[in-house]
Every structure is written in C-alpha cells, then in structure tokens.
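One structure below.
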Amino acid sequence: MPHRVVVLALDGLLPFELGIPQRIFGRSLGTGPDGGDGKLYDVVTCSVRPPGPVRTDADFAVLVEHGPEALAAADTVVVPASYELGPVFEEGRLTEELAAALALVRPGTRMVSICTGSYVLAAAGYLDGRPATTHWASADHFQRLFPQVRVDPDVLFIDDGDVLTSAGVAAGIDLCLHLVRRDHGAAVAKEIARRTVVPPYRDGGQAQYIHRPLPEPQFATTTASRAWALARLERPILLRDMAEREAMSVRTFTRRFREEVGISPGQWLTQQRVERARHLLESTDLPVDQVARDAGFGTATSLRQHLQAALGVPPTVYRRTFRSSADAPH
C-alpha cells in the first residue's frame with residue numbers, strides 16, 4: 001500500500017505551502033524497468049472540521065473533502081503554515097478543536113511541519129527537548145514561546161527521525177524531497193525534482209536569504225570614518241586609521257563605534273565586505289578571485305571562509321542561487 005500522507009489544512013493557510021506535499025509526494029512513482037512501479041504515496045488533505053471550505057491568506061478558500069478522522073490513518077502528517085493560528089502562535093497552546101484533531105494521530109506517526117506549522121507541533125508537545133527550525137523571521141519568537149525546543153534558525157530543515165521541521169515557505173520543498181530521498185533513494189527524489197524544476201538538494205541554510213541592515217546609530221560620532229571606509233573597502237583599513245578620521249584614540253573610537261552601530265569596527269568591516277561580495281556575485285560575472293579583491297578579502301580562500309561563516313555557502317553556490325535569469329547564460 002502507498003504511504004499515506006495527510007496534510008492538515010488550517011484556516012489562514014498559505015496555498016503555496018498547502019500544495020507542496022501534493023506536488024512532491026503526489027507525483028512520486030517507483031522506478032521499475034517498466035518506467036514506474038505505481039504511486040509511492042497517497043496524499044490526502046483534511047481539516048480540523050467536517051468537510052467544507054477552509055480560509056486561506058489569499059482571496060479564495062479551499063474546499064477540503066476530508067475531516068479530522070483522516071489523521072487516524074496517516075503514516076505521515078504534514079502541517080503547513082497558517083496566518084490564523086491564534087492561541088497557538090500567541091500563547092503556545094492548542095485550541096480544543098486542533099487538540100481533538102491531533103489526538104486522532106496514531107503513536108509513531110511521522111510528524112512534519114512547513115514554515116510556521118512548527119508552532120502547531122511545538123504546542124502539541126512533539127518538539128519538546130528536540131531540535132527544530134522555522135521561518136527565520138519567527139525564530140526568536142518561536143524560541144521565547146517554546147523554550148523547551150532547541151531552535152536552529154539557520155538551516156533549511158531538520159530531520160530528527162520521526163519529527164521533521166522546515167524553514168520558511170520553499171524550504172518545505174527541500175524537506176519533502178528529503179523525505180522521498182530517505183524513503184525511496186536519491187534516484188526517485190532526483191526525478192521528482194527534475195519534473196518540479198527545482199534542485200534536488202540546496203546547499204546552505206536560511207542565512208543566505210536574510211537581509212541584515214545595520215542598526216541605525218543613535219548619535220553620529222563615527223559617521224565620517226564609516227563613509228571613508230565604505231569608499232575604500234578593497235584596500236587595507238586599520239582601526240587606527242578610522243580612529244584618526246574622528247580625531248579619537250583607538251580605545252575611545254572603539255567604544256563609541258560599538259555604542260552607535262552595535263558591533264565592533266572589525267565586525268562591521270567584515271559585514272560590509274560580505275555585503276559587497278554578495279552584490280558583486282549577484283550582479284557581475286567577475287571571477288571569484290576578483291570579487292575577493294574588490295570586496296577587500298584579498299584572496300578567494302579568505303572570501304570563501306567569510307562567506308561560508310556568514311551565509312553557510314561558498315561563493316560559487318551563492319552566485320548560482322542568486323543569479324537572475326536575465327544574467328544567466330542562454
């Protein structure tokens with residue numbers, strides 16, 4: 001019998017995320033000599049209420065034909081994100097309706113969340129004492145609400161055996177492909193990825209997708225030194241040179257800089273050089289060696305180390321991920 005995947009559709013759901021399990025699992029076929037051994041998964045969508053419409057965050061509802069009883073027959077339960085989690089998101093507790101539905105899930109059923117669907121798993125106790133992830137924008141709130149969960153905000157997904165969580169939105173595709181790979185091997189997962197026109201495996205984690213603007217200074221006493229440094233990032237910049245621009249001792253300058261910006265001058269310079277490198281990798285065809293020099297890292301090895309530390313991916317992978325179709329070779 002095909003593995004039964006039940007997707008729990010909650011009010012306020014995101015249609016894109018609701019469709020991910022159906023697209024990935026629903027198209028999974030065997031790889032026998034005749035071109036396929038039949039469906040590997042049976043995908044069913046259910047609500048916490050009797051069959052009927054479920055609200056989405058778009059201008060349409062979704063008609064769900066199964067009630068919560070479908071959860072009792074699940075081998076895997078997938079919980080996509082919702083913008084109407086109410087007390088689950090605000091207080092970390094399940095509603096009576098949601099608790100009654102999840103009570104139907106058999107012990108040993110594999111539990112999966114996409115994006116902030118992790119709030120549901122955490123509120124139900126599935127993540128207690130376990131590693132988990134969620135959308136990077138919700139990670140701090142999630143950790144405060146569920147201190148018993150070991151949150152990793154940087155990864156695309158976490159496989160903890162019978163409980164798996166993914167980061168935001170499209171990371172649900174990565175997680176579902178991972179499950180197919182785990183269940184049926186790389187060849188099946190690769191074929192599904194090819195048909196879905198997505199990479200079978202993405203390098204790195206969420207860090208490469210987070211824009212981190214600098215904190216706004218509360219008062220400006222090191223502004224001139226920062227503007228001077230930004231204009232010459234490709235050259236060596238010493239702390240004493242920046243301090244001299246403001247007519248301060250190195251010690252005073254360092255203290256003032258940290259008060260204004262929130263990090264040390266050295267950390268700030270590295271951050272700015274990483275941002276410069278990101279821009280060059282996204283918008284030019286410059287060799288990685290040249291990008292490293294123009295960003296002030298000197299060598300490709302240094303650039304690779306800093307980009308890996310900051311974003312979780314090397315320069316070539318970052319460029320491949322973010323190069324627009326207009327810039328890509330035809």
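Each chain in the structure tokens gets a letter, A, B, ..., in the order shown, and its residues are numbered from 1; ligands are numbered from 1 in order too.
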### Message
Among segment 58-108 of chain A, which ones does DSSP assign to strand (DSSP E) (computed from the backbone)? Answer as a PyMOL selection string.
### Response
chain A and resi 61-64+76-79
### Task
For Phe253 of chain A, please output as a list of chain:residue names all residues within 12 Å (counting only C-alpha atoms; exclusion window: fewer than 3 positions along the same chain).
A:Ala220, A:Thr221, A:Thr222, A:Thr223, A:Ala224, A:Ser225, A:Arg226, A:Leu239, A:Arg240, A:Asp241, A:Met242, A:Ala243, A:Glu244, A:Arg245, A:Glu246, A:Ala247, A:Met248, A:Ser249, A:Val250, A:Arg256, A:Phe257, A:Arg258, A:Glu259, A:Glu260, A:Val261, A:Ser264, A:Pro265
### Summary
Of A:Pro80, A:Gly296, A:Pro287, A:Gly86, the one sitting nearest Ile114 of chain A when using only C-alpha atoms is A:Pro80
### Query
So, counting only C-alpha atoms, which residue among A:Leu238, A:Val48, A:Val163, A:Leu269 is closest to Ala103 of chain A?
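Of all the options, A:Val48 lies closest to Ala103 of chain A.
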DSSP helix (DSSP H, G or I) residues within segment 13-60 of chain A, as a PDB file with C-alpha atoms, in the first residue's frame:
```
ATOM      1  CA  PRO A  15      -1.968  27.966  -0.713  1.00  0.00           C
ATOM      2  CA  PHE A  16       1.595  27.595  -1.975  1.00  0.00           C
ATOM      3  CA  GLU A  17       2.655  25.606   1.088  1.00  0.00           C
ATOM      4  CA  LEU A  18      -0.524  23.522   1.048  1.00  0.00           C
ATOM      5  CA  GLY A  19       0.330  22.421  -2.485  1.00  0.00           C
ATOM      6  CA  ILE A  20       3.920  21.350  -1.757  1.00  0.00           C
ATOM      7  CA  PRO A  21       3.163  17.865  -0.319  1.00  0.00           C
ATOM      8  CA  GLN A  22       0.745  17.096  -3.127  1.00  0.00           C
ATOM      9  CA  ARG A  23       3.247  18.191  -5.744  1.00  0.00           C
ATOM     10  CA  ILE A  24       6.212  16.286  -4.284  1.00  0.00           C
ATOM     11  CA  PHE A  25       4.609  13.187  -2.749  1.00  0.00           C
TER      12      PHE A  25
END
```
Can you check which parts of segment 58-160 of chain A lie within 12 Å of segment 179-196 of chain A? Per residue, the shortest pair of atoms and distance in Å to one decimal, counting only C-alpha atoms, sorted by chain and number, as JSON lines.
```
{"residue": "A:Thr76", "atom": "CA", "partner": "A:Leu179", "partner_atom": "CA", "distance": 10.3}
{"residue": "A:Val78", "atom": "CA", "partner": "A:Leu179", "partner_atom": "CA", "distance": 11.6}
{"residue": "A:Arg110", "atom": "CA", "partner": "A:Leu179", "partner_atom": "CA", "distance": 10.5}
{"residue": "A:Met111", "atom": "CA", "partner": "A:Leu179", "partner_atom": "CA", "distance": 11.5}
{"residue": "A:Val112", "atom": "CA", "partner": "A:Leu179", "partner_atom": "CA", "distance": 9.8}
{"residue": "A:Phe157", "atom": "CA", "partner": "A:Leu179", "partner_atom": "CA", "distance": 10.9}
{"residue": "A:Ile158", "atom": "CA", "partner": "A:Leu179", "partner_atom": "CA", "distance": 11.0}
{"residue": "A:Asp159", "atom": "CA", "partner": "A:Leu179", "partner_atom": "CA", "distance": 8.9}
{"residue": "A:Asp160", "atom": "CA", "partner": "A:Leu179", "partner_atom": "CA", "distance": 11.7}
```
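Atom pair atom CA of Ala61 of chain A / atom CA of Leu40 of chain A: separated by 28.8 Å.
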### Query
By how many Å are atom CA of Gln267 of chain A and atom CA of Gln308 of chain A apart?
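A separation of 15.3 Å between them.
Around Asp152 of chain A, within 12 Å and counting only C-alpha atoms, the residues found are Arg130, Pro131, Ala132, Thr133, Thr134, His135, Trp136, Ser138, Ala139, Asp140, Phe142, Gln143, Ile158, Asp159, Thr165, Ser166, Ala167, Gly205, Gln206 and Ala207 of chain A, once anything fewer than 6 positions away on its own chain is removed.
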With N, CA, C and O atoms retained, export the selected residues as a PDB file, in the first residue's frame.
```
ATOM      1  N   ARG A 130      13.692  18.672  21.606  1.00  0.00           N
ATOM      2  CA  ARG A 130      14.216  18.236  20.316  1.00  0.00           C
ATOM      3  C   ARG A 130      14.679  19.441  19.494  1.00  0.00           C
ATOM      4  O   ARG A 130      14.222  20.572  19.707  1.00  0.00           O
ATOM      5  N   PRO A 131      15.557  19.210  18.524  1.00  0.00           N
ATOM      6  CA  PRO A 131      15.946  20.291  17.618  1.00  0.00           C
ATOM      7  C   PRO A 131      14.839  20.562  16.612  1.00  0.00           C
ATOM      8  O   PRO A 131      14.120  19.644  16.193  1.00  0.00           O
ATOM      9  N   ALA A 132      14.690  21.825  16.230  1.00  0.00           N
ATOM     10  CA  ALA A 132      13.647  22.194  15.266  1.00  0.00           C
ATOM     11  C   ALA A 132      14.030  23.504  14.610  1.00  0.00           C
ATOM     12  O   ALA A 132      14.882  24.249  15.101  1.00  0.00           O
ATOM     13  N   THR A 133      13.380  23.789  13.493  1.00  0.00           N
ATOM     14  CA  THR A 133      13.565  25.079  12.842  1.00  0.00           C
ATOM     15  C   THR A 133      12.216  25.615  12.409  1.00  0.00           C
ATOM     16  O   THR A 133      11.189  24.917  12.470  1.00  0.00           O
ATOM     17  N   THR A 134      12.217  26.855  11.977  1.00  0.00           N
ATOM     18  CA  THR A 134      11.011  27.512  11.479  1.00  0.00           C
ATOM     19  C   THR A 134      11.480  28.665  10.597  1.00  0.00           C
ATOM     20  O   THR A 134      12.689  28.816  10.356  1.00  0.00           O
ATOM     21  N   HIS A 135      10.576  29.478  10.107  1.00  0.00           N
ATOM     22  CA  HIS A 135      10.979  30.626   9.288  1.00  0.00           C
ATOM     23  C   HIS A 135      11.885  31.532  10.107  1.00  0.00           C
ATOM     24  O   HIS A 135      11.626  31.799  11.275  1.00  0.00           O
ATOM     25  N   TRP A 136      12.962  32.013   9.480  1.00  0.00           N
ATOM     26  CA  TRP A 136      13.955  32.815  10.225  1.00  0.00           C
ATOM     27  C   TRP A 136      13.325  34.041  10.882  1.00  0.00           C
ATOM     28  O   TRP A 136      13.758  34.460  11.964  1.00  0.00           O
ATOM     29  N   SER A 138      10.544  34.270  12.336  1.00  0.00           N
ATOM     30  CA  SER A 138       9.785  33.882  13.529  1.00  0.00           C
ATOM     31  C   SER A 138      10.625  33.143  14.553  1.00  0.00           C
ATOM     32  O   SER A 138      10.126  32.786  15.624  1.00  0.00           O
ATOM     33  N   ALA A 139      11.913  32.913  14.244  1.00  0.00           N
ATOM     34  CA  ALA A 139      12.728  32.045  15.093  1.00  0.00           C
ATOM     35  C   ALA A 139      12.863  32.550  16.524  1.00  0.00           C
ATOM     36  O   ALA A 139      12.758  31.774  17.482  1.00  0.00           O
ATOM     37  N   ASP A 140      13.096  33.850  16.699  1.00  0.00           N
ATOM     38  CA  ASP A 140      13.259  34.389  18.057  1.00  0.00           C
ATOM     39  C   ASP A 140      11.965  34.265  18.854  1.00  0.00           C
ATOM     40  O   ASP A 140      11.973  33.871  20.020  1.00  0.00           O
ATOM     41  N   PHE A 142       9.539  32.162  18.296  1.00  0.00           N
ATOM     42  CA  PHE A 142       9.308  30.731  18.496  1.00  0.00           C
ATOM     43  C   PHE A 142      10.107  30.214  19.694  1.00  0.00           C
ATOM     44  O   PHE A 142       9.589  29.465  20.524  1.00  0.00           O
ATOM     45  N   GLN A 143      11.377  30.637  19.777  1.00  0.00           N
ATOM     46  CA  GLN A 143      12.220  30.180  20.879  1.00  0.00           C
ATOM     47  C   GLN A 143      11.715  30.708  22.223  1.00  0.00           C
ATOM     48  O   GLN A 143      11.732  29.985  23.229  1.00  0.00           O
ATOM     49  N   ILE A 158      15.234  20.298   9.474  1.00  0.00           N
ATOM     50  CA  ILE A 158      15.849  19.412  10.465  1.00  0.00           C
ATOM     51  C   ILE A 158      15.105  18.080  10.449  1.00  0.00           C
ATOM     52  O   ILE A 158      13.881  18.040  10.555  1.00  0.00           O
ATOM     53  N   ASP A 159      15.864  17.015  10.304  1.00  0.00           N
ATOM     54  CA  ASP A 159      15.332  15.656  10.358  1.00  0.00           C
ATOM     55  C   ASP A 159      15.718  15.074  11.710  1.00  0.00           C
ATOM     56  O   ASP A 159      16.885  14.770  11.953  1.00  0.00           O
ATOM     57  N   THR A 165      11.074  19.303  10.740  1.00  0.00           N
ATOM     58  CA  THR A 165      10.599  20.683  10.608  1.00  0.00           C
ATOM     59  C   THR A 165      11.385  21.374   9.506  1.00  0.00           C
ATOM     60  O   THR A 165      12.556  21.077   9.294  1.00  0.00           O
ATOM     61  N   SER A 166      10.740  22.315   8.822  1.00  0.00           N
ATOM     62  CA  SER A 166      11.425  23.044   7.762  1.00  0.00           C
ATOM     63  C   SER A 166      11.364  24.534   8.019  1.00  0.00           C
ATOM     64  O   SER A 166      10.532  25.027   8.786  1.00  0.00           O
ATOM     65  N   ALA A 167      12.237  25.249   7.347  1.00  0.00           N
ATOM     66  CA  ALA A 167      12.245  26.704   7.409  1.00  0.00           C
ATOM     67  C   ALA A 167      11.100  27.248   6.542  1.00  0.00           C
ATOM     68  O   ALA A 167      10.176  26.527   6.193  1.00  0.00           O
ATOM     69  N   GLY A 205      21.889  27.229   4.171  1.00  0.00           N
ATOM     70  CA  GLY A 205      20.705  27.333   5.007  1.00  0.00           C
ATOM     71  C   GLY A 205      19.993  28.647   4.814  1.00  0.00           C
ATOM     72  O   GLY A 205      20.156  29.331   3.798  1.00  0.00           O
ATOM     73  N   GLN A 206      19.211  29.039   5.799  1.00  0.00           N
ATOM     74  CA  GLN A 206      18.429  30.261   5.693  1.00  0.00           C
ATOM     75  C   GLN A 206      19.284  31.522   5.720  1.00  0.00           C
ATOM     76  O   GLN A 206      18.842  32.575   5.278  1.00  0.00           O
ATOM     77  N   ALA A 207      20.494  31.436   6.281  1.00  0.00           N
ATOM     78  CA  ALA A 207      21.301  32.638   6.464  1.00  0.00           C
ATOM     79  C   ALA A 207      21.513  33.392   5.153  1.00  0.00           C
ATOM     80  O   ALA A 207      21.570  34.620   5.136  1.00  0.00           O
TER      81      ALA A 207
END
```
### Message
Using only C-alpha atoms, which protein or nucleic acid residues come within 12 Å of Val64 of chain A? Drop anything in the same chain fewer than 3 positions from it, and give the result as a PyMOL selection string.
### Response
chain A and resi 6-11+18+44-56+61+67-68+70
### Message
Ranking A:Thr284, A:Thr270, A:Thr116, A:Ser28 by minimum distance to Tyr83 of chain A and counting only C-alpha atoms, which one comes first?
### Response
A:Thr116
### Message
As an exercise, work out the distance from atom CA of Asp75 of chain A to atom CA of Lys39 of chain A in Å and give it to one decimal place.
### Response
14.9 Å
### Query
Which is closer to Val43 of chain A than all the others in A:Arg4, A:Asp57, A:Leu164, A:Glu65, using only C-alpha atoms?
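Using only C-alpha atoms, Val43 of chain A sits closest to A:Arg4.
The residue that comes closest to Gly129 of chain A, out of A:Pro107, A:Gly262, A:Gly117, A:Pro147 and on the basis of only C-alpha atoms, is A:Pro147.
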